[in-house]
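Peer 1: What follows is coords.csv; its format and atoms are CSV, C-alpha atoms and all ligand atoms.
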```csv
chain,number,residue,atom,x,y,z
A,1,MET,CA,127.8,86.8,86.8
A,2,PRO,CA,126.3,86.7,83.3
A,3,ALA,CA,127.1,89.5,80.8
A,4,GLN,CA,125.0,92.7,81.3
A,5,THR,CA,123.2,92.1,78.0
A,6,VAL,CA,122.0,88.7,79.2
A,7,ILE,CA,120.6,90.2,82.4
A,8,LEU,CA,119.0,93.1,80.5
A,9,ASP,CA,117.4,90.8,78.1
A,10,ALA,CA,116.0,88.5,80.8
A,11,LEU,CA,114.7,91.6,82.8
A,12,SER,CA,113.1,93.1,79.7
A,13,ARG,CA,111.3,89.9,78.8
A,14,ALA,CA,110.0,89.4,82.3
A,15,ALA,CA,109.0,93.0,82.8
A,16,GLN,CA,107.4,93.2,79.3
A,17,SER,CA,109.1,96.6,79.1
A,18,PRO,CA,112.8,97.5,78.2
A,19,ALA,CA,115.1,97.3,81.2
A,20,GLN,CA,117.9,100.0,81.2
A,21,PRO,CA,121.5,100.0,82.4
A,22,ASP,CA,123.1,102.8,84.3
A,23,TYR,CA,119.8,104.7,84.7
A,24,PRO,CA,120.0,108.1,86.4
A,25,LEU,CA,117.9,107.8,89.6
A,26,ALA,CA,117.9,111.5,90.3
A,27,ARG,CA,115.4,111.7,87.5
A,28,GLU,CA,112.9,109.5,89.4
A,29,CYS,CA,113.3,111.1,92.9
A,30,SER,CA,111.7,114.3,94.2
A,31,PHE,CA,115.0,115.3,95.8
A,32,ARG,CA,116.6,115.1,92.3
A,33,LEU,CA,119.6,113.3,93.9
A,34,GLY,CA,121.3,109.9,93.6
A,35,GLY,CA,123.6,108.2,91.1
A,36,PRO,CA,122.7,105.6,88.5
A,37,ALA,CA,120.9,102.3,89.0
A,38,GLN,CA,122.9,99.3,87.6
A,39,TYR,CA,119.6,98.2,86.1
A,40,PHE,CA,116.2,99.9,86.0
A,41,CYS,CA,112.9,98.4,84.9
A,42,ALA,CA,109.2,99.1,85.1
A,43,PRO,CA,107.1,95.9,84.8
A,44,GLN,CA,103.9,96.3,82.8
A,45,ASP,CA,101.5,94.6,85.3
A,46,PRO,CA,101.6,92.7,88.6
A,47,GLU,CA,102.3,89.3,86.9
A,48,ALA,CA,105.2,90.9,85.0
A,49,LEU,CA,106.5,92.3,88.3
A,50,ARG,CA,106.4,88.7,89.8
A,51,ASP,CA,108.3,87.4,86.8
A,52,THR,CA,110.9,90.2,87.1
A,53,LEU,CA,111.5,89.3,90.7
A,54,ALA,CA,112.0,85.7,89.7
A,55,VAL,CA,114.8,86.8,87.3
A,56,ILE,CA,116.3,88.9,90.0
A,57,ARG,CA,116.4,86.0,92.4
A,58,ASP,CA,117.9,83.7,89.7
A,59,PHE,CA,120.7,86.1,89.1
A,60,GLY,CA,121.2,86.9,92.8
A,61,LEU,CA,120.8,90.6,92.2
A,62,LYS,CA,119.9,93.2,94.8
A,63,VAL,CA,116.5,94.9,94.4
A,64,ILE,CA,114.6,97.9,95.6
A,65,LEU,CA,111.1,99.1,94.8
A,66,LEU,CA,110.6,102.6,93.6
A,67,GLY,CA,107.1,104.3,93.8
A,68,GLY,CA,107.0,108.0,93.2
A,69,GLY,CA,110.5,108.5,94.7
A,70,ALA,CA,109.1,111.2,97.1
A,71,ASN,CA,110.7,109.7,100.2
A,72,LEU,CA,113.8,107.9,98.9
A,73,LEU,CA,117.4,109.0,98.8
A,74,PHE,CA,119.8,107.0,96.7
A,75,ARG,CA,123.5,107.3,97.3
A,76,ASP,CA,125.7,109.4,95.0
A,77,GLU,CA,127.4,106.1,93.9
A,78,GLY,CA,124.0,104.8,92.7
A,79,PHE,CA,122.4,101.5,93.4
A,80,PRO,CA,124.3,98.2,92.7
A,81,GLY,CA,121.3,96.1,91.6
A,82,VAL,CA,117.8,96.4,90.1
A,83,VAL,CA,115.5,99.4,90.8
A,84,ILE,CA,111.9,98.3,90.0
A,85,SER,CA,109.6,101.2,89.3
A,86,THR,CA,105.8,100.7,89.8
A,87,LYS,CA,105.1,103.4,87.2
A,88,HIS,CA,103.1,101.1,85.0
A,89,LEU,CA,100.9,99.7,87.7
A,90,THR,CA,98.2,102.3,87.4
A,91,ALA,CA,94.8,100.6,87.3
A,92,ILE,CA,92.0,101.8,89.5
A,93,ARG,CA,88.8,99.7,89.7
A,94,ALA,CA,85.7,100.8,91.5
A,95,GLU,CA,83.8,98.0,93.3
A,96,ALA,CA,80.6,97.9,95.3
A,97,ASP,CA,80.2,99.6,98.6
A,98,SER,CA,82.7,102.5,97.8
A,99,LEU,CA,85.6,100.1,97.7
A,100,LEU,CA,88.5,100.9,95.3
A,101,ARG,CA,90.9,98.3,94.0
A,102,VAL,CA,94.1,100.3,93.3
A,103,GLU,CA,97.4,99.2,91.8
A,104,ALA,CA,100.5,100.2,93.7
A,105,GLY,CA,101.8,102.7,91.2
A,106,VAL,CA,98.7,104.9,91.1
A,107,SER,CA,99.7,108.3,92.2
A,108,ASN,CA,98.0,109.9,95.1
A,109,THR,CA,97.1,112.8,92.7
A,110,ALA,CA,95.4,110.4,90.2
A,111,LEU,CA,93.5,108.7,93.0
A,112,THR,CA,92.3,111.9,94.5
A,113,GLU,CA,91.0,112.9,91.1
A,114,PHE,CA,89.3,109.5,90.6
A,115,ALA,CA,87.6,109.8,94.0
A,116,LEU,CA,86.5,113.3,93.2
A,117,GLN,CA,85.1,112.3,89.8
A,118,ASN,CA,83.2,109.4,91.4
A,119,ALA,CA,82.0,111.5,94.4
A,120,LEU,CA,83.9,109.3,96.9
A,121,SER,CA,85.0,110.9,100.1
A,122,GLY,CA,87.8,109.8,102.5
A,123,PHE,CA,90.9,110.5,100.4
A,124,GLU,CA,90.8,114.3,100.2
A,125,TRP,CA,93.6,114.5,102.8
A,126,ALA,CA,96.0,113.0,100.2
A,127,ALA,CA,95.5,115.8,97.7
A,128,GLY,CA,98.9,117.0,96.6
A,129,LEU,CA,100.7,114.3,98.6
A,130,PRO,CA,103.6,113.4,96.3
A,131,GLY,CA,104.1,109.7,95.6
A,132,THR,CA,102.1,106.5,94.9
A,133,VAL,CA,99.6,104.4,96.8
A,134,GLY,CA,102.2,101.6,97.3
A,135,GLY,CA,104.7,104.0,98.7
A,136,GLY,CA,102.0,105.6,100.9
A,137,VAL,CA,101.0,102.3,102.4
A,138,PHE,CA,104.7,101.3,102.9
A,139,MET,CA,105.3,104.6,104.8
A,140,ASN,CA,101.7,104.9,106.2
A,141,ALA,CA,101.9,108.4,104.9
A,142,LYS,CA,100.0,110.9,107.1
A,143,CYS,CA,98.8,114.5,106.6
A,144,TYR,CA,96.0,116.8,107.4
A,145,GLY,CA,94.8,114.6,110.2
A,146,SER,CA,94.5,111.3,108.3
A,147,ALA,CA,96.8,108.4,107.2
A,148,PHE,CA,96.7,105.5,104.8
A,149,SER,CA,95.9,103.2,107.8
A,150,GLU,CA,92.4,104.7,107.9
A,151,VAL,CA,91.4,103.8,104.4
A,152,VAL,CA,93.2,100.4,103.7
A,153,THR,CA,91.1,97.3,103.9
A,154,ARG,CA,93.4,94.8,102.3
A,155,VAL,CA,96.8,94.7,100.6
A,156,THR,CA,97.9,92.2,97.9
A,157,ALA,CA,101.7,91.7,97.9
A,158,LEU,CA,104.4,89.4,96.7
A,159,SER,CA,106.5,87.5,99.3
A,160,SER,CA,110.3,87.2,98.9
A,161,THR,CA,109.7,83.7,97.4
A,162,GLY,CA,107.4,85.1,94.8
A,163,ASP,CA,104.1,84.0,96.4
A,164,TRP,CA,101.0,86.1,96.3
A,165,ILE,CA,99.9,87.1,99.8
A,166,GLN,CA,96.9,89.0,101.2
A,167,LEU,CA,97.2,91.2,104.3
A,168,SER,CA,94.3,92.6,106.2
A,169,ALA,CA,94.6,96.1,107.6
A,170,GLU,CA,95.5,94.6,111.0
A,171,GLU,CA,98.2,92.4,109.4
A,172,CYS,CA,99.7,95.6,107.9
A,173,ARG,CA,100.6,96.6,111.5
A,174,PHE,CA,100.2,100.3,110.8
A,175,ALA,CA,101.6,102.7,113.3
A,176,TYR,CA,102.8,106.3,113.0
A,177,LYS,CA,104.7,106.5,109.7
A,178,SER,CA,105.3,102.8,109.9
A,179,SER,CA,104.0,99.5,108.6
A,180,VAL,CA,104.9,95.8,108.3
A,181,PHE,CA,106.3,96.5,104.9
A,182,GLN,CA,109.2,98.4,106.5
A,183,ILE,CA,110.1,95.1,108.3
A,184,GLN,CA,109.2,92.3,105.9
A,185,PRO,CA,110.4,92.3,102.3
A,186,TYR,CA,106.8,92.2,100.9
A,187,ILE,CA,106.2,94.0,97.6
A,188,ILE,CA,102.8,95.7,97.4
A,189,THR,CA,101.0,95.2,94.1
A,190,GLU,CA,97.5,96.3,94.9
A,191,VAL,CA,95.5,97.9,97.7
A,192,LEU,CA,91.8,97.7,98.5
A,193,LEU,CA,90.7,101.0,99.9
A,194,HIS,CA,87.4,101.9,101.5
A,195,LEU,CA,86.0,105.3,100.9
A,196,ALA,CA,82.4,106.6,101.4
A,197,SER,CA,80.0,108.2,99.0
A,198,GLY,CA,80.1,111.9,99.5
A,199,ASP,CA,79.1,115.3,98.1
A,200,ARG,CA,81.2,116.1,95.0
A,201,GLU,CA,81.2,119.9,95.7
A,202,MET,CA,82.4,119.4,99.2
A,203,ILE,CA,85.1,117.0,98.2
A,204,CYS,CA,86.2,119.4,95.5
A,205,GLN,CA,86.4,122.3,98.0
A,206,ARG,CA,88.5,120.3,100.5
A,207,VAL,CA,90.9,119.0,97.8
A,208,GLY,CA,91.4,122.6,96.6
A,209,GLU,CA,92.0,123.9,100.1
A,210,ILE,CA,94.6,121.3,100.8
A,211,GLN,CA,96.4,121.8,97.5
A,212,ALA,CA,96.5,125.5,98.1
A,213,ASP,CA,97.8,125.1,101.6
A,214,ARG,CA,100.7,122.9,100.4
A,215,LYS,CA,101.5,125.4,97.7
A,216,ASN,CA,101.3,128.4,100.1
A,217,LYS,CA,103.8,126.6,102.4
A,218,GLY,CA,106.3,126.6,99.5
A,219,GLN,CA,106.5,122.8,99.6
A,220,PHE,CA,107.1,122.6,95.8
A,221,LEU,CA,109.6,125.5,95.4
A,222,PHE,CA,112.7,123.3,95.8
A,223,PRO,CA,113.4,119.6,95.3
A,224,SER,CA,113.0,117.7,98.6
A,225,ALA,CA,111.6,114.5,100.1
A,226,GLY,CA,109.1,116.3,102.4
A,227,CYS,CA,109.7,116.1,106.1
A,228,ALA,CA,113.3,114.9,106.9
A,229,PHE,CA,112.4,113.6,110.4
A,230,LYS,CA,109.4,111.9,112.0
A,231,ASN,CA,107.8,113.8,114.9
A,232,ASN,CA,108.8,112.6,118.3
A,233,TYR,CA,105.4,113.0,120.0
A,234,ALA,CA,106.8,112.3,123.4
A,235,SER,CA,108.7,115.6,123.2
A,236,GLY,CA,105.5,117.6,122.9
A,237,GLN,CA,106.9,119.6,120.0
A,238,SER,CA,107.0,118.9,116.2
A,239,ALA,CA,110.4,118.0,114.8
A,240,GLY,CA,110.3,121.3,112.8
A,241,ALA,CA,109.9,123.3,116.0
A,242,LEU,CA,112.8,121.5,117.7
A,243,ILE,CA,115.0,122.1,114.7
A,244,GLU,CA,114.0,125.7,114.4
A,245,ALA,CA,114.8,126.3,118.1
A,246,CYS,CA,118.4,125.1,117.3
A,247,GLY,CA,118.7,128.1,115.0
A,248,LEU,CA,119.1,125.9,112.0
A,249,LYS,CA,116.6,127.4,109.5
A,250,GLY,CA,118.4,128.3,106.4
A,251,HIS,CA,121.6,126.4,107.5
A,252,GLN,CA,123.4,125.3,104.3
A,253,LEU,CA,125.7,122.4,104.0
A,254,GLY,CA,127.2,121.8,100.5
A,255,GLY,CA,124.3,122.1,98.1
A,256,VAL,CA,121.5,121.4,100.5
A,257,ARG,CA,119.9,123.5,103.3
A,258,VAL,CA,117.3,123.6,106.0
A,259,PHE,CA,114.3,125.2,104.3
A,260,GLU,CA,113.5,128.7,105.6
A,261,GLN,CA,109.8,128.1,105.5
A,262,HIS,CA,109.7,124.8,107.3
A,263,ALA,CA,112.7,123.6,109.4
A,264,ASN,CA,111.8,119.9,108.9
A,265,PHE,CA,112.3,120.1,105.2
A,266,ILE,CA,115.8,119.7,103.7
A,267,VAL,CA,115.9,121.2,100.2
A,268,ASN,CA,118.3,120.7,97.3
A,269,THR,CA,119.5,124.0,95.9
A,270,GLY,CA,120.2,122.3,92.6
A,271,GLN,CA,123.9,121.7,93.4
A,272,GLY,CA,123.3,119.2,96.2
A,273,ARG,CA,124.6,115.6,96.6
A,274,THR,CA,123.2,112.8,98.7
A,275,ARG,CA,126.3,113.0,100.9
A,276,ASP,CA,125.3,116.6,101.8
A,277,VAL,CA,121.8,115.4,102.9
A,278,ILE,CA,123.3,112.6,105.0
A,279,ASP,CA,125.7,115.0,106.7
A,280,LEU,CA,123.0,117.6,107.3
A,281,LEU,CA,120.7,114.9,108.8
A,282,LYS,CA,123.5,114.0,111.2
A,283,LEU,CA,124.2,117.6,112.1
A,284,ILE,CA,120.5,118.3,112.8
A,285,GLU,CA,120.2,115.1,114.9
A,286,GLN,CA,123.2,116.1,116.9
A,287,ALA,CA,122.0,119.7,117.4
A,288,VAL,CA,118.6,118.6,118.6
A,289,TRP,CA,120.1,116.1,121.0
A,290,GLU,CA,122.5,118.7,122.5
A,291,LYS,CA,119.8,121.3,122.9
A,292,HIS,CA,116.7,119.3,123.7
A,293,HIS,CA,118.0,115.8,124.7
A,294,ILE,CA,115.5,114.4,122.1
A,295,ARG,CA,116.4,111.8,119.5
A,296,LEU,CA,115.0,112.4,116.1
A,297,GLU,CA,114.5,109.5,113.7
A,298,PRO,CA,114.8,110.3,109.9
A,299,GLU,CA,111.7,109.9,107.9
A,300,ILE,CA,113.6,110.0,104.6
A,301,ARG,CA,114.7,106.5,103.6
A,302,VAL,CA,118.3,106.6,102.7
A,303,VAL,CA,119.0,103.5,100.5
A,304,PRO,CA,121.9,101.5,102.1
A,401,LIG,C1,106.9,118.1,98.9
A,401,LIG,C2,106.7,116.9,99.7
A,401,LIG,C3,105.7,116.9,100.7
A,401,LIG,C4,105.5,115.7,101.4
A,401,LIG,N1,104.5,115.7,102.4
A,401,LIG,C5,104.3,114.6,103.1
A,401,LIG,C6,103.2,114.6,104.1
A,401,LIG,O1,102.5,115.5,104.3
A,401,LIG,N2,103.0,113.4,104.8
A,401,LIG,C7,103.8,112.3,104.6
A,401,LIG,O2,103.6,111.3,105.2
A,401,LIG,N3,104.8,112.3,103.6
A,401,LIG,C8,105.0,113.4,102.9
A,401,LIG,N4,106.0,113.4,101.9
A,401,LIG,C9,106.8,112.2,101.7
A,401,LIG,C10,106.2,111.3,100.6
A,401,LIG,O3,105.2,112.0,99.8
A,401,LIG,C11,105.5,110.0,101.2
A,401,LIG,O4,106.4,109.3,102.1
A,401,LIG,C12,105.0,109.1,100.1
A,401,LIG,O5,104.1,108.2,100.7
A,401,LIG,C13,106.1,108.3,99.4
A,401,LIG,O6,105.5,107.6,98.4
A,401,LIG,P1,106.4,107.2,97.1
A,401,LIG,O7,105.5,106.4,96.2
A,401,LIG,O8,107.0,108.4,96.5
A,401,LIG,O9,107.4,106.2,97.8
A,401,LIG,P2,109.0,106.1,97.4
A,401,LIG,O10,109.7,107.3,97.9
A,401,LIG,O11,109.1,105.7,96.0
A,401,LIG,O12,109.3,104.8,98.4
A,401,LIG,C14,109.2,104.9,99.8
A,401,LIG,C15,109.5,103.5,100.4
A,401,LIG,O13,108.5,102.7,100.0
A,401,LIG,C16,109.0,101.5,99.3
A,401,LIG,N5,108.0,101.2,98.3
A,401,LIG,C17,107.5,102.0,97.3
A,401,LIG,N6,106.6,101.3,96.6
A,401,LIG,C18,106.5,100.1,97.1
A,401,LIG,C19,105.8,98.9,96.8
A,401,LIG,N7,104.9,98.9,95.8
A,401,LIG,N8,106.0,97.8,97.5
A,401,LIG,C20,106.9,97.8,98.5
A,401,LIG,N9,107.7,98.8,98.9
A,401,LIG,C21,107.5,100.0,98.2
A,401,LIG,C22,110.3,102.0,98.7
A,401,LIG,O14,111.2,100.9,98.5
A,401,LIG,C23,110.8,102.9,99.8
A,401,LIG,O15,111.5,102.2,100.9
A,401,LIG,C24,106.2,114.5,101.2
A,401,LIG,C25,107.2,114.6,100.1
A,401,LIG,C26,107.4,115.7,99.4
A,401,LIG,C27,108.4,115.7,98.3
```
Do you think you could lay out the structure here as structure tokens?

Peer 2:
Amino acid sequence: MPAQTVILDALSRAAQSPAQPDYPLARECSFRLGGPAQYFCAPQDPEALRDTLAVIRDFGLKVILLGGGANLLFRDEGFPGVVISTKHLTAIRAEADSLLRVEAGVSNTALTEFALQNALSGFEWAAGLPGTVGGGVFMNAKCYGSAFSEVVTRVTALSSTGDWIQLSAEECRFAYKSSVFQIQPYIITEVLLHLASGDREMICQRVGEIQADRKNKGQFLFPSAGCAFKNNYASGQSAGALIEACGLKGHQLGGVRVFEQHANFIVNTGQGRTRDVIDLLKLIEQAVWEKHHIRLEPEIRVVP
């Protein structure tokens, strides 16, 4: 393996932005947990992202994409490879017929604001949803009765060999909190979304209601990654209700605990470690199985 400085130099040139060694990932994740990335870089644009991936392939390094870090949990030991942040892929271009061409690193907040300013309706549901459009498509994030699958027309991505590919909404194979991107190692660079022209006042009102609702539910009081488990719809009850019925609200393990205001949130008290979250996830899964005979599937993505 070449010296660290050789790798850093190659990554920095490809990304057109300085790559950093031993970068603290807790800083980039909403849980505020996780050790250092061996290398961290944030390519300037989609072409720079493609060049960065080529360098990573040449050196045989491991790689993971980081959007807003609102659903990711890195190990306490950190990540032994390159973490690529999409934080510089932030272009939004309005096209005809209420279509928006949006780069993967655009935050849901920025896009909600853009849609509001341009009187475009159909993205209000994502107001206050932490994370980026790329991460949202990957997760098929869902809230307030809508999901990314309802607004995506086409996705531009890079294949594992560095080729540009285009996926139709159908090819994204969206399902509940799931997409093809969780199965295939495609890297999303741009998303074409279809919205509809709407009334600015009404959009503004709905955005305000949703933001206030999230705040009133205490979602931003503590570091977390949102819902810890997916709902198991066959059970007829939300994951939160199943966990609450096990008496686990407020249950603390190490520096993390089941949030008192929403049993499907695990929150970091400030002293937490990733190990604590993993142990608490297992404890909850076991308790729900013993009480309800229902298997819960984690929604939080723990990086292997
Ligand atoms: C307070 C709070 C409330 C939340 N509420 C909700 C909610 O109501 N509904 C909901 O669905 N989620 C919710 N979440 C979870 C989170 O907001 C979503 O899962 C969000 O879509 C994650 O986006 P991200 O950009 O942060 O992705 P990240 O956490 O950065 O990444 C998630 C996954 O996507 C991959 N990824 C990211 N970008 C790309 C890319 N460009 N190409 C390929 N792969 C990529 C990552 O490798 C990772 O596997 C909440 C989280 C918090 C902290």

Peer 1: Dump the neighbourhood of ligand LIG 401 (chain A) as a PyMOL selection string: all residues within 8 Å, distances computed on all atoms listed in the file.

Peer 2: chain A and resi 29-31+64-73+85-86+104-105+107+128-144+147+157+177+181-182+185-190+214+219-220+223-227+299-301+303

Peer 1: Go ahead and compute the interatomic distance for atom CA of A:Ile294 and atom CA of A:Ser149, in Å to one decimal.

Peer 2: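 Interatomic distance, atom CA of A:Ile294 to atom CA of A:Ser149: 26.7 Å.
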
Peer 1: Point out the residue among A:Ser197, A:Asn216, A:Thr153, A:Gln16 with the least atom-to-atom distance to A:Asp97, counting only C-alpha atoms.

Peer 2: A:Ser197

Peer 1: Need to verify the contact set: A:Gln4, 10 Å, all atoms listed in the file, exclusion of same-chain residues closer than 4 positions in sequence. Can you return it as a VMD selection string?

Peer 2: chain A and resid 8 to 10 21 38 to 39

Peer 1: Need to verify the contact set: A:Tyr233, 12 Å, only C-alpha atoms, exclusion of same-chain residues closer than 4 positions in sequence. Can you return it as a PyMOL selection string?

Peer 2: chain A and resi 176+229+237-239+241-242+294-297

Peer 1: Which of these residues is nearest to A:Ala26, using all atoms listed in the file: A:Pro46, A:Gly272, A:Pro298, A:Gly236?

Peer 2: A:Gly272

Peer 1: Would you mind reading off the distance between atom CA of A:Glu244 and atom CA of A:Ala263, one decimal, in Å?

Peer 2: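 Straight-line distance from atom CA of A:Glu244 to atom CA of A:Ala263 works out to 5.6 Å.
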
Peer 1: Could you pull stretch 19-74 of chain A out of the structure I just pasted and write it to a file containing C-alpha atoms, as a PDB file, in the first residue's frame?

Peer 2:
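Okay, this is what ended up in out12.pdb:
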```pdb
ATOM      1  CA  ALA A  19      -8.713  15.033   1.461  1.00  0.00           C
ATOM      2  CA  GLN A  20      -8.146  14.569   5.182  1.00  0.00           C
ATOM      3  CA  PRO A  21      -6.732  11.671   7.211  1.00  0.00           C
ATOM      4  CA  ASP A  22      -8.187  10.419  10.540  1.00  0.00           C
ATOM      5  CA  TYR A  23     -11.242  12.573  10.174  1.00  0.00           C
ATOM      6  CA  PRO A  24     -13.733  12.466  13.097  1.00  0.00           C
ATOM      7  CA  LEU A  25     -16.968  11.083  11.647  1.00  0.00           C
ATOM      8  CA  ALA A  26     -19.039  11.967  14.721  1.00  0.00           C
ATOM      9  CA  ARG A  27     -18.865  15.539  13.439  1.00  0.00           C
ATOM     10  CA  GLU A  28     -20.737  14.561  10.253  1.00  0.00           C
ATOM     11  CA  CYS A  29     -23.415  12.283  11.726  1.00  0.00           C
ATOM     12  CA  SER A  30     -26.613  13.373  13.458  1.00  0.00           C
ATOM     13  CA  PHE A  31     -26.033  10.745  16.182  1.00  0.00           C
ATOM     14  CA  ARG A  32     -22.700  12.469  16.944  1.00  0.00           C
ATOM     15  CA  LEU A  33     -21.134   8.997  17.156  1.00  0.00           C
ATOM     16  CA  GLY A  34     -18.411   7.085  15.333  1.00  0.00           C
ATOM     17  CA  GLY A  35     -14.617   7.035  15.239  1.00  0.00           C
ATOM     18  CA  PRO A  36     -12.367   8.479  12.535  1.00  0.00           C
ATOM     19  CA  ALA A  37     -12.395   7.869   8.787  1.00  0.00           C
ATOM     20  CA  GLN A  38      -8.999   6.745   7.526  1.00  0.00           C
ATOM     21  CA  TYR A  39      -9.559   9.220   4.675  1.00  0.00           C
ATOM     22  CA  PHE A  40     -12.328  11.784   4.201  1.00  0.00           C
ATOM     23  CA  CYS A  41     -12.986  13.801   1.077  1.00  0.00           C
ATOM     24  CA  ALA A  42     -15.741  15.883  -0.463  1.00  0.00           C
ATOM     25  CA  PRO A  43     -15.533  16.067  -4.289  1.00  0.00           C
ATOM     26  CA  GLN A  44     -16.371  19.435  -5.822  1.00  0.00           C
ATOM     27  CA  ASP A  45     -18.767  18.140  -8.491  1.00  0.00           C
ATOM     28  CA  PRO A  46     -20.022  14.875 -10.044  1.00  0.00           C
ATOM     29  CA  GLU A  47     -17.014  14.560 -12.385  1.00  0.00           C
ATOM     30  CA  ALA A  48     -14.640  15.020  -9.446  1.00  0.00           C
ATOM     31  CA  LEU A  49     -16.620  12.338  -7.606  1.00  0.00           C
ATOM     32  CA  ARG A  50     -16.095   9.981 -10.550  1.00  0.00           C
ATOM     33  CA  ASP A  51     -12.347  10.719 -10.581  1.00  0.00           C
ATOM     34  CA  THR A  52     -12.171  10.167  -6.813  1.00  0.00           C
ATOM     35  CA  LEU A  53     -13.804   6.762  -7.182  1.00  0.00           C
ATOM     36  CA  ALA A  54     -11.250   5.841  -9.865  1.00  0.00           C
ATOM     37  CA  VAL A  55      -8.404   6.662  -7.432  1.00  0.00           C
ATOM     38  CA  ILE A  56     -10.104   4.582  -4.734  1.00  0.00           C
ATOM     39  CA  ARG A  57     -10.401   1.635  -7.143  1.00  0.00           C
ATOM     40  CA  ASP A  58      -6.727   1.988  -8.180  1.00  0.00           C
ATOM     41  CA  PHE A  59      -5.569   1.855  -4.552  1.00  0.00           C
ATOM     42  CA  GLY A  60      -8.044  -0.919  -3.651  1.00  0.00           C
ATOM     43  CA  LEU A  61      -9.532   1.089  -0.777  1.00  0.00           C
ATOM     44  CA  LYS A  62     -12.926   0.596   0.851  1.00  0.00           C
ATOM     45  CA  VAL A  63     -15.439   3.390   0.279  1.00  0.00           C
ATOM     46  CA  ILE A  64     -18.737   4.610   1.662  1.00  0.00           C
ATOM     47  CA  LEU A  65     -20.908   7.556   0.637  1.00  0.00           C
ATOM     48  CA  LEU A  66     -22.009  10.040   3.255  1.00  0.00           C
ATOM     49  CA  GLY A  67     -24.962  12.362   2.670  1.00  0.00           C
ATOM     50  CA  GLY A  68     -26.272  14.248   5.678  1.00  0.00           C
ATOM     51  CA  GLY A  69     -25.277  11.425   8.045  1.00  0.00           C
ATOM     52  CA  ALA A  70     -28.827  11.383   9.460  1.00  0.00           C
ATOM     53  CA  ASN A  71     -29.269   7.635   9.154  1.00  0.00           C
ATOM     54  CA  LEU A  72     -25.714   6.345   9.447  1.00  0.00           C
ATOM     55  CA  LEU A  73     -23.882   4.882  12.387  1.00  0.00           C
ATOM     56  CA  PHE A  74     -20.131   4.413  12.072  1.00  0.00           C
TER      57      PHE A  74
END
```
